[in-house]
file start.txt (compact mmCIF, C-alpha atoms and all ligand atoms)
# COMPACT_ATOMS: atom_id res chain seq x y z
CA LEU A 9 -20.53 -4.47 -17.52
CA GLU A 10 -23.61 -5.97 -15.90
CA LYS A 11 -26.22 -3.44 -14.79
CA LEU A 12 -27.73 -3.42 -11.35
CA THR A 13 -30.89 -1.46 -10.61
CA PHE A 14 -30.41 0.20 -7.27
CA TYR A 15 -32.78 2.04 -4.99
CA SER A 16 -31.60 4.34 -2.25
CA GLU A 17 -32.85 7.39 -0.44
CA VAL A 18 -29.25 8.32 0.21
CA ASN A 19 -27.67 10.96 -1.95
CA HIS A 20 -24.15 11.97 -1.09
CA PRO A 21 -20.76 12.10 -2.85
CA ARG A 22 -19.44 9.63 -0.28
CA PHE A 23 -22.15 7.20 -1.24
CA ASP A 24 -21.68 7.44 -5.01
CA TYR A 25 -17.96 6.94 -4.49
CA THR A 26 -18.55 3.82 -2.42
CA LEU A 27 -20.88 2.31 -5.02
CA GLY A 28 -18.16 2.80 -7.62
CA VAL A 29 -15.57 0.88 -5.63
CA PHE A 30 -17.83 -1.80 -4.16
CA PHE A 31 -19.99 -2.68 -7.17
CA GLY A 32 -17.92 -1.21 -9.99
CA GLN A 33 -14.40 -2.29 -9.08
CA LEU A 34 -14.96 -5.30 -6.84
CA LEU A 35 -17.90 -6.86 -8.70
CA GLY A 36 -17.68 -5.41 -12.22
CA ILE A 37 -21.23 -4.09 -12.04
CA ASN A 38 -22.67 -0.71 -13.02
CA THR A 39 -25.40 0.60 -10.75
CA ILE A 40 -28.42 2.44 -12.14
CA ARG A 41 -30.56 4.35 -9.69
CA VAL A 42 -34.32 3.68 -9.84
CA GLN A 43 -37.17 5.62 -8.24
CA SER A 44 -38.86 2.92 -6.19
CA PRO A 45 -37.66 -0.09 -4.19
CA THR A 46 -39.99 -2.46 -6.04
CA GLU A 47 -38.19 -1.84 -9.36
CA ALA A 48 -34.80 -2.51 -7.83
CA HIS A 49 -32.48 -5.51 -7.75
CA PHE A 50 -30.94 -3.91 -4.72
CA ASN A 51 -32.99 -1.95 -2.22
CA TYR A 52 -30.81 0.14 0.07
CA SER A 53 -33.53 1.53 2.33
CA ARG A 54 -35.93 0.50 5.05
CA GLU A 55 -38.92 0.54 2.69
CA PRO A 56 -40.07 -2.93 1.59
CA GLY A 57 -39.35 -4.27 -1.90
CA GLY A 58 -36.51 -5.28 -4.19
CA ALA A 59 -34.76 -8.61 -4.76
CA ILE A 60 -32.14 -7.88 -2.11
CA GLN A 61 -32.38 -5.45 0.75
CA MET A 62 -29.76 -3.84 2.93
CA HIS A 63 -30.67 -1.35 5.66
CA PRO A 64 -28.55 1.82 5.72
CA HIS A 65 -26.61 2.43 8.89
CA GLY A 66 -26.58 6.12 8.19
CA ALA A 67 -23.51 7.38 10.02
CA MET A 68 -21.33 7.65 6.92
CA TRP A 69 -23.48 9.57 4.45
CA ASN A 70 -23.04 13.15 5.58
CA ASP A 71 -20.32 15.83 5.58
CA HIS A 72 -19.05 15.04 9.07
CA ILE A 73 -15.99 13.37 10.50
CA GLU A 74 -16.93 12.28 13.98
CA PRO A 75 -16.35 9.26 16.21
CA VAL A 76 -18.55 6.31 15.24
CA LYS A 77 -19.08 3.19 17.29
CA VAL A 78 -17.64 0.19 15.46
CA GLN A 79 -18.54 -3.20 16.87
CA MET A 80 -16.79 -6.01 15.01
CA ASP A 81 -18.82 -9.23 14.87
CA ASN A 82 -18.16 -12.58 13.32
CA TRP A 83 -20.96 -13.28 10.86
CA ASN A 84 -21.23 -16.08 8.33
CA GLY A 85 -17.54 -16.89 8.74
CA PHE A 86 -16.18 -13.39 8.28
CA PRO A 87 -15.81 -10.17 10.24
CA ALA A 88 -18.55 -7.57 9.86
CA PHE A 89 -19.63 -4.31 11.47
CA PHE A 90 -22.43 -1.72 11.25
CA ARG A 91 -25.24 -4.18 12.02
CA THR A 92 -28.60 -2.94 10.81
CA GLY A 93 -30.78 -5.96 11.41
CA ASN A 94 -32.20 -7.18 8.11
CA ASP A 95 -32.39 -11.01 7.83
CA LEU A 96 -30.65 -11.65 4.53
CA LEU A 97 -27.97 -8.96 4.85
CA PRO A 98 -27.85 -7.94 8.51
CA TYR A 99 -24.92 -5.54 8.03
CA ASP A 100 -24.49 -2.35 6.07
CA PHE A 101 -21.43 -3.43 4.10
CA LEU A 102 -21.48 -0.23 2.04
CA SER A 103 -21.09 2.00 5.08
CA ALA A 104 -18.50 -0.37 6.53
CA ALA A 105 -16.56 -0.39 3.25
CA PHE A 106 -16.56 3.39 3.16
CA TYR A 107 -15.39 3.59 6.76
CA LEU A 108 -12.38 1.42 5.90
CA ILE A 109 -11.37 2.57 2.43
CA SER A 110 -11.70 6.28 3.24
CA ARG A 111 -9.47 5.64 6.31
CA TYR A 112 -12.11 7.40 8.40
CA GLU A 113 -10.51 6.31 11.67
CA GLU A 114 -7.21 8.00 10.72
CA TYR A 115 -8.94 11.39 10.72
CA LEU A 116 -10.20 10.84 14.27
CA SER A 117 -8.06 11.41 17.33
CA HIS A 118 -5.48 8.64 17.72
CA ASP A 119 -2.14 7.96 19.37
CA PRO A 120 0.60 8.53 16.76
CA ASP A 121 4.04 6.87 16.88
CA VAL A 122 7.38 8.72 17.27
CA HIS A 123 7.29 9.78 13.62
CA GLY A 124 3.70 11.04 13.94
CA ARG A 125 2.24 8.11 12.04
CA PHE A 126 -1.08 6.39 12.55
CA GLN A 127 -0.34 3.11 14.32
CA ALA A 128 -1.72 -0.22 13.21
CA GLU A 129 -2.82 -0.88 16.79
CA SER A 130 -5.22 2.06 16.58
CA SER A 131 -7.18 0.46 13.76
CA ILE A 132 -10.32 -1.62 14.10
CA LEU A 133 -8.95 -4.27 11.71
CA THR A 134 -5.82 -4.83 13.80
CA GLN A 135 -7.71 -4.74 17.08
CA SER A 136 -10.13 -7.38 15.84
CA GLY A 137 -7.34 -9.52 14.38
CA CYS A 138 -8.47 -9.41 10.77
CA LEU A 139 -5.90 -7.15 9.11
CA LYS A 140 -4.66 -10.00 6.89
CA LEU A 141 -8.12 -10.51 5.41
CA PRO A 142 -9.11 -8.08 2.67
CA VAL A 143 -12.52 -7.78 4.32
CA VAL A 144 -14.06 -5.42 1.77
CA HIS A 145 -13.42 -8.08 -0.89
CA LEU A 146 -15.10 -10.69 1.30
CA TRP A 147 -18.18 -8.50 1.73
CA ALA A 148 -18.35 -7.74 -1.99
CA ARG A 149 -18.00 -11.42 -2.85
CA HIS A 150 -20.82 -12.28 -0.46
CA VAL A 151 -23.11 -9.64 -1.93
CA GLY A 152 -22.10 -10.77 -5.42
CA ALA A 153 -23.08 -14.36 -4.69
CA LEU A 154 -26.48 -13.19 -3.42
CA LEU A 155 -26.98 -11.14 -6.58
CA THR A 156 -26.31 -14.19 -8.72
CA GLU A 157 -28.78 -16.19 -6.68
CA LYS A 158 -31.57 -13.60 -6.60
CA THR A 159 -31.15 -11.68 -9.85
CA ARG A 160 -29.05 -13.81 -12.19
CA LEU A 161 -26.53 -11.00 -12.58
CA GLN A 162 -23.02 -12.36 -13.07
CA PRO A 163 -20.58 -10.30 -11.01
CA GLN A 164 -16.90 -10.43 -11.97
CA LEU A 165 -14.30 -10.39 -9.23
CA PRO A 166 -11.09 -8.51 -10.09
CA THR A 167 -8.17 -10.43 -11.61
CA TYR A 168 -5.26 -11.39 -9.37
CA LYS A 169 -2.11 -9.41 -10.13
CA MET A 170 1.22 -8.68 -8.58
CA THR A 171 3.33 -5.56 -8.43
CA THR A 172 6.79 -5.69 -6.94
CA THR A 173 8.14 -2.42 -5.57
CA LEU A 174 11.57 -1.33 -4.36
CA ASP A 175 12.42 1.75 -2.32
CA ILE A 176 15.90 3.07 -3.00
CA ASP A 177 16.71 4.82 0.25
CA GLN A 178 20.45 4.31 -0.21
CA LEU A 179 21.89 3.43 -3.58
CA TYR A 180 25.11 2.27 -1.90
CA LYS A 181 25.96 1.00 1.52
CA TYR A 182 29.60 2.20 1.48
CA ARG A 183 30.63 3.60 -1.87
CA HIS A 184 30.39 7.16 -3.19
CA LYS A 185 29.57 8.65 0.19
CA GLY A 186 32.42 11.14 0.21
CA LEU A 187 35.67 10.96 2.15
CA LEU A 188 34.32 12.24 5.47
CA ARG A 189 31.38 9.87 5.71
CA THR A 190 33.52 6.95 4.56
CA LEU A 191 36.32 7.62 7.06
CA GLY A 192 33.84 8.25 9.86
CA GLY A 193 32.14 4.94 9.11
CA PHE A 194 35.45 3.08 9.19
CA VAL A 195 36.51 4.56 12.48
CA SER A 196 33.16 3.85 14.08
CA ASP A 197 33.16 0.24 12.85
CA VAL A 198 36.68 -0.32 14.18
CA PHE A 199 35.85 1.19 17.55
CA ARG A 200 32.71 -0.91 17.91
CA TRP A 201 34.47 -3.86 16.31
CA ARG A 202 31.71 -4.55 13.76
CA LYS A 203 33.52 -7.40 12.10
CA THR A 204 31.03 -8.16 9.31
CA LYS A 205 30.79 -4.53 8.31
CA LEU A 206 34.56 -4.13 8.29
CA LYS A 207 34.95 -7.17 6.07
CA GLU A 208 32.30 -5.79 3.71
CA ARG A 209 33.99 -2.40 3.67
CA ILE A 210 37.38 -3.82 2.81
CA LYS A 211 35.90 -5.95 0.06
CA THR A 212 34.09 -2.89 -1.30
CA LEU A 213 37.30 -0.86 -1.36
CA SER A 214 39.20 -3.44 -3.31
CA SER A 215 36.56 -3.98 -6.01
CA ASP A 216 33.65 -2.20 -7.67
CA SER A 217 31.04 -4.05 -5.68
CA ASP A 218 28.79 -2.77 -2.91
CA PRO A 219 26.24 -4.84 -0.99
CA PHE A 220 23.31 -2.49 -1.79
CA TYR A 221 24.24 -1.98 -5.43
CA ASN A 222 22.60 -5.10 -6.86
CA PHE A 223 20.81 -3.45 -9.79
CA SER A 224 22.67 -5.38 -12.48
CA ASN A 225 20.84 -8.50 -11.26
CA HIS A 226 17.36 -7.03 -11.26
CA LEU A 227 16.51 -7.62 -14.90
CA LYS A 228 17.24 -11.32 -14.42
CA TRP A 229 15.40 -11.51 -11.08
CA HIS A 230 12.31 -9.80 -12.50
CA ARG A 231 12.00 -11.84 -15.68
CA GLY A 232 8.32 -12.58 -16.28
CA ILE A 233 7.10 -9.96 -13.77
CA GLU A 234 4.89 -7.40 -15.48
CA ASP A 235 5.04 -4.52 -13.04
CA VAL A 236 8.27 -3.46 -11.32
CA LEU A 237 8.34 -0.14 -9.50
CA TYR A 238 11.30 1.79 -8.08
CA PHE A 239 10.94 4.75 -5.74
CA PHE A 240 14.08 6.89 -5.51
CA LEU A 241 14.98 9.09 -2.56
CA MET A 242 16.19 12.41 -4.04
CA ALA A 243 16.26 14.36 -0.78
CA ASP A 244 19.09 16.39 0.66
CA HIS A 245 21.13 14.51 3.23
CA GLY A 246 19.63 14.37 6.71
CA LYS A 247 19.22 12.20 9.77
CA PHE A 248 16.62 9.99 8.06
CA ASP A 249 17.46 10.81 4.44
CA LYS A 250 20.73 9.09 3.66
CA ASN A 251 21.04 8.61 -0.05
CA ILE A 252 24.04 9.86 -2.01
CA SER A 253 23.45 13.10 -3.88
CA HIS A 254 20.58 13.10 -6.40
CA GLY A 255 23.00 14.46 -9.00
CA HIS A 256 25.73 11.86 -8.51
CA PRO A 257 26.60 10.29 -11.90
CA GLN A 258 25.84 6.82 -10.49
CA MET A 259 22.34 7.92 -9.41
CA VAL A 260 21.69 9.42 -12.83
CA LYS A 261 22.99 6.36 -14.65
CA THR A 262 21.09 3.88 -12.49
CA ILE A 263 17.75 5.67 -12.80
CA GLN A 264 18.09 6.19 -16.54
CA GLU A 265 19.13 2.60 -17.21
CA LEU A 266 16.27 1.21 -15.14
CA GLU A 267 13.74 3.41 -16.90
CA GLN A 268 14.72 1.73 -20.19
CA GLN A 269 13.54 -1.68 -18.97
CA ASP A 270 10.13 -2.79 -20.21
CA ALA A 271 8.29 -3.60 -17.01
CA VAL A 272 9.86 -0.82 -14.96
CA ARG A 273 8.25 2.40 -13.76
CA ILE A 274 10.03 4.97 -11.62
CA GLY A 275 8.53 7.05 -8.83
CA ILE A 276 9.62 9.59 -6.26
CA HIS A 277 10.33 8.66 -2.63
CA PRO A 278 9.71 11.98 -0.83
CA GLY A 279 12.27 12.44 1.93
CA TYR A 280 11.52 12.48 5.64
CA GLN A 281 12.13 16.22 5.84
CA SER A 282 9.58 16.97 3.11
CA ASN A 283 6.84 16.19 5.62
CA PHE A 284 7.88 19.18 7.70
CA GLN A 285 9.35 21.49 5.06
CA THR A 286 6.70 20.87 2.48
CA GLU A 287 8.32 23.02 -0.22
CA LYS A 288 11.00 20.31 -0.48
CA ILE A 289 8.79 17.73 -2.11
CA ALA A 290 8.37 19.74 -5.32
CA ILE A 291 12.13 20.19 -5.50
CA GLU A 292 12.75 16.48 -5.05
CA LYS A 293 10.18 15.56 -7.68
CA GLU A 294 11.74 18.07 -10.08
CA ARG A 295 15.16 16.46 -9.55
CA LEU A 296 13.75 13.11 -10.57
CA ASP A 297 11.72 14.48 -13.47
CA GLN A 298 14.92 15.97 -14.91
CA LEU A 299 16.32 12.46 -15.29
CA LEU A 300 13.23 10.74 -16.67
CA THR A 301 11.75 10.80 -20.16
CA HIS A 302 8.34 11.77 -18.66
CA PRO A 303 7.50 13.52 -15.38
CA THR A 304 6.71 10.89 -12.77
CA ARG A 305 3.19 10.43 -11.47
CA LEU A 306 4.11 7.80 -8.90
CA SER A 307 5.10 8.28 -5.29
CA ARG A 308 5.69 6.48 -2.04
CA GLN A 309 6.44 8.26 1.21
CA HIS A 310 9.83 7.45 2.79
CA PHE A 311 9.15 5.93 6.25
CA LEU A 312 5.52 5.68 5.03
CA MET A 313 5.07 9.13 6.55
CA MET A 314 1.47 10.01 6.02
CA GLU A 315 -1.11 12.23 7.61
CA LEU A 316 -4.57 12.44 6.12
CA PRO A 317 -5.64 14.45 4.32
CA ASP A 318 -2.58 16.77 4.22
CA THR A 319 -0.05 14.37 2.69
CA TYR A 320 -2.36 13.25 -0.09
CA GLU A 321 -3.48 16.80 -0.80
CA ARG A 322 0.16 17.80 -1.26
CA LEU A 323 0.85 14.90 -3.59
CA GLU A 324 -2.27 15.67 -5.58
CA GLN A 325 -1.22 19.30 -6.04
CA LEU A 326 2.16 18.13 -7.24
CA GLY A 327 0.61 16.14 -10.06
CA ILE A 328 1.13 12.74 -8.44
CA ARG A 329 -1.57 10.33 -9.61
CA GLU A 330 -0.60 7.12 -7.85
CA ASP A 331 0.47 6.78 -4.24
CA TYR A 332 1.91 3.53 -2.86
CA SER A 333 2.23 4.39 0.84
CA LEU A 334 -0.90 2.78 2.27
CA GLY A 335 0.14 -0.13 4.46
CA TYR A 336 2.03 -0.70 7.70
CA SER A 337 5.66 -1.46 8.45
CA THR A 338 4.73 -3.16 11.72
CA HIS A 339 2.01 -5.52 10.47
CA LEU A 340 1.25 -7.55 7.37
CA GLY A 341 -2.14 -6.98 5.84
CA PHE A 342 -4.59 -4.54 4.37
CA ARG A 343 -4.67 -1.18 6.14
CA ALA A 344 -7.91 -0.21 4.36
CA GLY A 345 -9.39 -3.72 4.16
CA ILE A 346 -8.94 -3.62 0.40
CA GLY A 347 -6.24 -4.95 -1.91
CA ILE A 348 -6.79 -3.21 -5.25
CA PRO A 349 -5.86 0.29 -6.42
CA TYR A 350 -8.72 2.74 -5.83
CA ARG A 351 -9.33 6.47 -5.90
CA TRP A 352 -8.70 8.40 -2.72
CA PHE A 353 -11.73 10.12 -1.19
CA ASN A 354 -10.87 13.30 0.68
CA LEU A 355 -13.06 13.45 3.81
CA ARG A 356 -12.18 17.10 4.39
CA THR A 357 -13.57 18.27 1.05
CA ASN A 358 -15.98 15.34 0.51
CA GLN A 359 -14.65 14.85 -2.99
CA THR A 360 -13.23 11.96 -4.92
CA SER A 361 -9.62 12.76 -5.70
CA THR A 362 -7.63 12.29 -8.89
CA LEU A 363 -5.06 10.48 -6.72
CA ARG A 364 -5.22 6.72 -6.68
CA ILE A 365 -4.18 4.68 -3.66
CA ASN A 366 -2.23 1.49 -4.39
CA PRO A 367 -2.25 -0.40 -1.08
CA PHE A 368 0.59 -2.75 -0.22
CA CYS A 369 0.12 -5.69 2.13
CA TYR A 370 3.67 -6.86 2.82
CA MET A 371 6.86 -4.99 3.67
CA ASP A 372 10.32 -6.58 3.88
CA ILE A 373 11.02 -5.40 7.43
CA THR A 374 7.76 -6.75 8.92
CA PRO A 375 8.54 -10.48 9.12
CA LEU A 376 12.24 -9.91 9.84
CA HIS A 377 11.98 -7.34 12.60
CA TYR A 378 8.43 -7.00 13.91
CA LEU A 379 7.28 -10.63 13.62
CA GLN A 380 10.74 -12.14 14.08
CA TRP A 381 9.99 -14.84 11.54
CA SER A 382 12.65 -16.87 9.79
CA PRO A 383 12.84 -16.77 5.99
CA GLU A 384 11.39 -20.32 5.97
CA GLN A 385 8.42 -19.33 8.13
CA THR A 386 7.83 -16.31 5.94
CA MET A 387 7.82 -18.37 2.74
CA LYS A 388 5.36 -20.85 4.23
CA PHE A 389 3.07 -18.01 5.20
CA LEU A 390 3.37 -16.35 1.80
CA LYS A 391 2.37 -19.57 0.06
CA SER A 392 -0.93 -20.02 1.88
CA TRP A 393 -1.71 -16.30 1.99
CA THR A 394 -1.14 -15.89 -1.75
CA ASP A 395 -3.43 -18.86 -2.44
CA ASP A 396 -6.25 -17.15 -0.53
CA LEU A 397 -5.65 -13.72 -2.03
CA ARG A 398 -5.56 -15.15 -5.55
CA GLN A 399 -9.12 -16.46 -5.09
CA LEU A 400 -10.34 -12.98 -4.23
CA GLY A 401 -8.63 -11.27 -7.14
CA VAL A 402 -6.41 -9.14 -4.95
CA HIS A 403 -3.74 -6.99 -6.56
CA PHE A 404 -0.81 -8.14 -4.44
CA GLN A 405 1.68 -5.36 -3.92
CA TRP A 406 4.76 -5.74 -1.74
CA LEU A 407 7.58 -3.49 -0.66
CA TRP A 408 11.30 -4.26 -0.65
CA HIS A 409 14.50 -2.25 -0.77
CA ASN A 410 17.74 -2.78 -2.67
CA GLU A 411 19.07 -3.08 0.89
CA SER A 412 16.85 -6.02 1.79
CA LEU A 413 18.01 -7.86 -1.34
CA SER A 414 21.66 -7.34 -0.36
CA ASN A 415 22.29 -10.47 1.71
CA SER A 416 24.16 -8.08 3.96
CA GLU A 417 24.10 -8.21 7.79
CA ARG A 418 20.54 -8.68 9.03
CA TRP A 419 19.30 -9.38 5.48
CA GLN A 420 21.28 -12.57 5.09
CA GLY A 421 18.92 -15.27 3.88
CA TRP A 422 16.12 -12.97 2.72
CA LEU A 423 16.85 -12.76 -0.99
CA PRO A 424 15.38 -16.28 -1.44
CA VAL A 425 12.13 -15.01 0.10
CA TYR A 426 11.95 -12.36 -2.59
CA HIS A 427 12.56 -14.92 -5.33
CA TYR A 428 10.04 -17.26 -3.76
CA GLY A 429 7.33 -14.60 -3.68
CA LEU A 430 7.92 -13.67 -7.31
CA ASP A 431 7.80 -17.36 -8.25
CA LEU A 432 4.46 -17.83 -6.50
CA HIS A 433 3.10 -15.20 -8.80
CA ARG A 434 4.77 -16.50 -11.97
CA LYS A 435 3.64 -20.09 -11.47
CA GLY A 436 0.06 -19.18 -10.61
ZN ZN B 1 12.36 4.75 2.37
call {"tool": "encode", "arguments": {"input": "start.txt", "output": "structure tokens"}}
result
Amino acid sequence: LEKLTFYSEVNHPRFDYTLGVFFGQLLGINTIRVQSPTEAHFNYSREPGGAIQMHPHGAMWNDHIEPVKVQMDNWNGFPAFFRTGNDLLPYDFLSAAFYLISRYEEYLSHDPDVHGRFQAESSILTQSGCLKLPVVHLWARHVGALLTEKTRLQPQLPTYKMTTTLDIDQLYKYRHKGLLRTLGGFVSDVFRWRKTKLKERIKTLSSDSDPFYNFSNHLKWHRGIEDVLYFFLMADHGKFDKNISHGHPQMVKTIQELEQQDAVRIGIHPGYQSNFQTEKIAIEKERLDQLLTHPTRLSRQHFLMMELPDTYERLEQLGIREDYSLGYSTHLGFRAGIGIPYRWFNLRTNQTSTLRINPFCYMDITPLHYLQWSPEQTMKFLKSWTDDLRQLGVHFQWLWHNESLSNSERWQGWLPVYHYGLDLHRKG
């Protein structure tokens, strides 16, 4: 790694953490603290000296969580906030990066949705229309270019990668649900005359097939993809937790067969109820661990239910090392302004966690339901977006379900979008 001499009066765990992500992960540079600004490549203070200077904004480097004024400007062709007035670098990108990646605004008072979730509309990135830009990458790249110009250091942007992820909320649409649920479903579909569903049901009864059970195709679909993640819902049945029983032979068989595949990793999908009855999450993880060759360290919240810092603290205590829940169902883009995996910083304890956040930027339901895009529109968007993200070395992670690959009901026509997205990655 290249070494950057760095001067700062600031000393705080939040600050050291930010340097690690901003310089270490996004630019491939180690920072070494020096005692005076004149010895430094990078002077992060208001004292004169150093090859490059950035004035600290100050609001982030303390133990507090309190409302901070964020004024989003357009500077040099990209969004920026925390203006501090220096000529060369008029914004404190380090404080701004910390504000976003720590999800500072989610700890402040906000207007949650019906499930108690932080809403995209409450975030500064959505309000200023730049959620689709991984802004922290843009800031790092800008600083990196200045470093090359002023110090001859050669920063390295991260390498573009893709991870495809599937949530298995319901292994089957119709089969193996037990006589009562099956009969009830039939009666309700007849009464409401849901013709498509009835046709599917009858077809399912007369053969082994089920629209959601498409796992035998996955190996073929994922050929050439290096990272394929499945998150299984192992929760007891409930209003929002609708999988067949965790112990059903078909669940066991499916999970164990998938785990054998080279590129596949399996994680837990903590049920909706586990957010309120928190003892449930350990039970659900244990159910999955019983089926796997190693205890899982991966997790994604069902419904993306998440409240900071409680949810992540729970996962951490459970031995989860990688969470995949950071993103929105309602909007495409980067909830934290960053598109690579990074360690979670707990603002309550002011400590860097052992838990890593793996942000996703695209969810199957977003274009279909919230944006009301056609599959064609979505593919066109994906093409140009992927081109941009590739340049920045984003780790593109997206979220699908076995349901959304089913070609069933509202998902008709969306399987080609999945193939198209995987192809964009393969051909790059
Ligand atoms: Zn789910």
call {"tool": "closest_residue", "arguments": {"input": "start.txt", "among": "A:Leu296, A:Ala344, A:Leu430, A:Val195", "to": "Arg111 of chain A", "atoms": "all atoms listed in the file"}}
result
A:Ala344
call {"tool": "residues_near_ligand", "arguments": {"input": "start.txt", "ligand": "ligand ZN 1 (chain B)", "cutoff": "7 Å", "atoms": "only C-alpha atoms and all ligand atoms", "output": "list in words"}}
result
Asp175, Ile176, Asp177, His277, Gln309, His310 and Phe311 of chain A
call {"tool": "closest_residue", "arguments": {"input": "start.txt", "among": "A:Ser414, A:Leu355, A:His150, A:Asp431", "to": "Leu316 of chain A", "atoms": "only C-alpha atoms"}}
result
A:Leu355
call {"tool": "atom_distance", "arguments": {"input": "start.txt", "atom1": "atom CA of Ala153 of chain A", "atom2": "atom CA of Cys369 of chain A"}}
result
25.7 Å
call {"tool": "atom_distance", "arguments": {"input": "start.txt", "atom1": "atom CA of Glu315 of chain A", "atom2": "atom CA of Gln135 of chain A"}}
result
20.5 Å
call {"tool": "closest_residue", "arguments": {"input": "start.txt", "among": "A:Asn410, A:Thr167, A:Gln79, A:Gln399", "to": "Leu179 of chain A", "atoms": "all atoms listed in the file"}}
result
A:Asn410
call {"tool": "atom_distance", "arguments": {"input": "start.txt", "atom1": "atom CA of Pro87 of chain A", "atom2": "atom CA of Phe30 of chain A"}}
result
16.8 Å
call {"tool": "residues_near_point", "arguments": {"input": "start.txt", "point": "(15.5, 2.0, 2.9)", "cutoff": "12 Å", "atoms": "all atoms listed in the file", "output": "ChimeraX atom specification"}}
result
/A:174-181,220,238-241,248-251,277,279-280,308-312,337,371-373,407-414
call {"tool": "residues_around", "arguments": {"input": "start.txt", "residues": "Leu363 of chain A", "least_positions_apart": "2", "cutoff": "9 Å", "atoms": "only C-alpha atoms", "output": "PyMOL selection string"}}
result
chain A and resi 320-321+323-324+327-331+350-353+360-361+365
call {"tool": "axis_aligned_box", "arguments": {"input": "start.txt", "around": "segment 373-379 of chain A", "padding_each_side": "8 Å", "output": "lines of an AutoDock Vina configuration file"}}
result
center_x = 9.8
center_y = -8.0
center_z = 10.7
size_x = 21.0
size_y = 21.2
size_z = 22.5
call {"tool": "closest_residue", "arguments": {"input": "start.txt", "among": "A:Phe14, A:Gly32, A:Ile276, A:Thr204", "to": "Thr46 of chain A", "atoms": "all atoms listed in the file"}}
result
A:Phe14
call {"tool": "residues_around", "arguments": {"input": "start.txt", "residues": "Glu114 of chain A", "least_positions_apart": "6", "cutoff": "10 Å", "atoms": "all atoms listed in the file", "output": "PyMOL selection string"}}
result
chain A and resi 108+120+125-127+130-131+315-317
call {"tool": "residues_around", "arguments": {"input": "start.txt", "residues": "Pro21 of chain A", "least_positions_apart": "5", "cutoff": "12 Å", "atoms": "only C-alpha atoms", "output": "list in words"}}
result
Thr26, Leu27, Gly28, Met68, Trp69, Asn70, Asp71, Phe106, Phe353, Asn354, Leu355, Thr357, Asn358, Gln359, Thr360 and Ser361 of chain A
call {"tool": "write_last_selection", "arguments": {"input": "start.txt", "atoms": "C-alpha atoms", "output": "compact mmCIF listing (two decimals), in the coordinates of the input"}}
result
# COMPACT_ATOMS: atom_id res chain seq x y z
CA THR A 26 -18.55 3.82 -2.42
CA LEU A 27 -20.88 2.31 -5.02
CA GLY A 28 -18.16 2.80 -7.62
CA MET A 68 -21.33 7.65 6.92
CA TRP A 69 -23.48 9.57 4.45
CA ASN A 70 -23.04 13.15 5.58
CA ASP A 71 -20.32 15.83 5.58
CA PHE A 106 -16.56 3.39 3.16
CA PHE A 353 -11.73 10.12 -1.19
CA ASN A 354 -10.87 13.30 0.68
CA LEU A 355 -13.06 13.45 3.81
CA THR A 357 -13.57 18.27 1.05
CA ASN A 358 -15.98 15.34 0.51
CA GLN A 359 -14.65 14.85 -2.99
CA THR A 360 -13.23 11.96 -4.92
CA SER A 361 -9.62 12.76 -5.70
call {"tool": "residues_around", "arguments": {"input": "start.txt", "residues": "Asp100 of chain A", "least_positions_apart": "3", "cutoff": "7 Å", "atoms": "all atoms listed in the file", "output": "compact mmCIF listing (two decimals) with C-alpha atoms, in the frame of the given file"}}
result
# COMPACT_ATOMS: atom_id res chain seq x y z
CA MET A 62 -29.76 -3.84 2.93
CA HIS A 63 -30.67 -1.35 5.66
CA PRO A 64 -28.55 1.82 5.72
CA HIS A 65 -26.61 2.43 8.89
CA PHE A 90 -22.43 -1.72 11.25
CA ARG A 91 -25.24 -4.18 12.02
CA THR A 92 -28.60 -2.94 10.81
CA SER A 103 -21.09 2.00 5.08
CA ALA A 104 -18.50 -0.37 6.53
call {"tool": "closest_residue", "arguments": {"input": "start.txt", "among": "A:Ser117, A:Ser110, A:Thr301, A:Thr362", "to": "Gln325 of chain A", "atoms": "all atoms listed in the file"}}
result
A:Thr362
call {"tool": "residues_around", "arguments": {"input": "start.txt", "residues": "Glu384 of chain A", "least_positions_apart": "5", "cutoff": "12 Å", "atoms": "all atoms listed in the file", "output": "ChimeraX atom specification"}}
result
/A:375-376,389-391,421-426,428-429
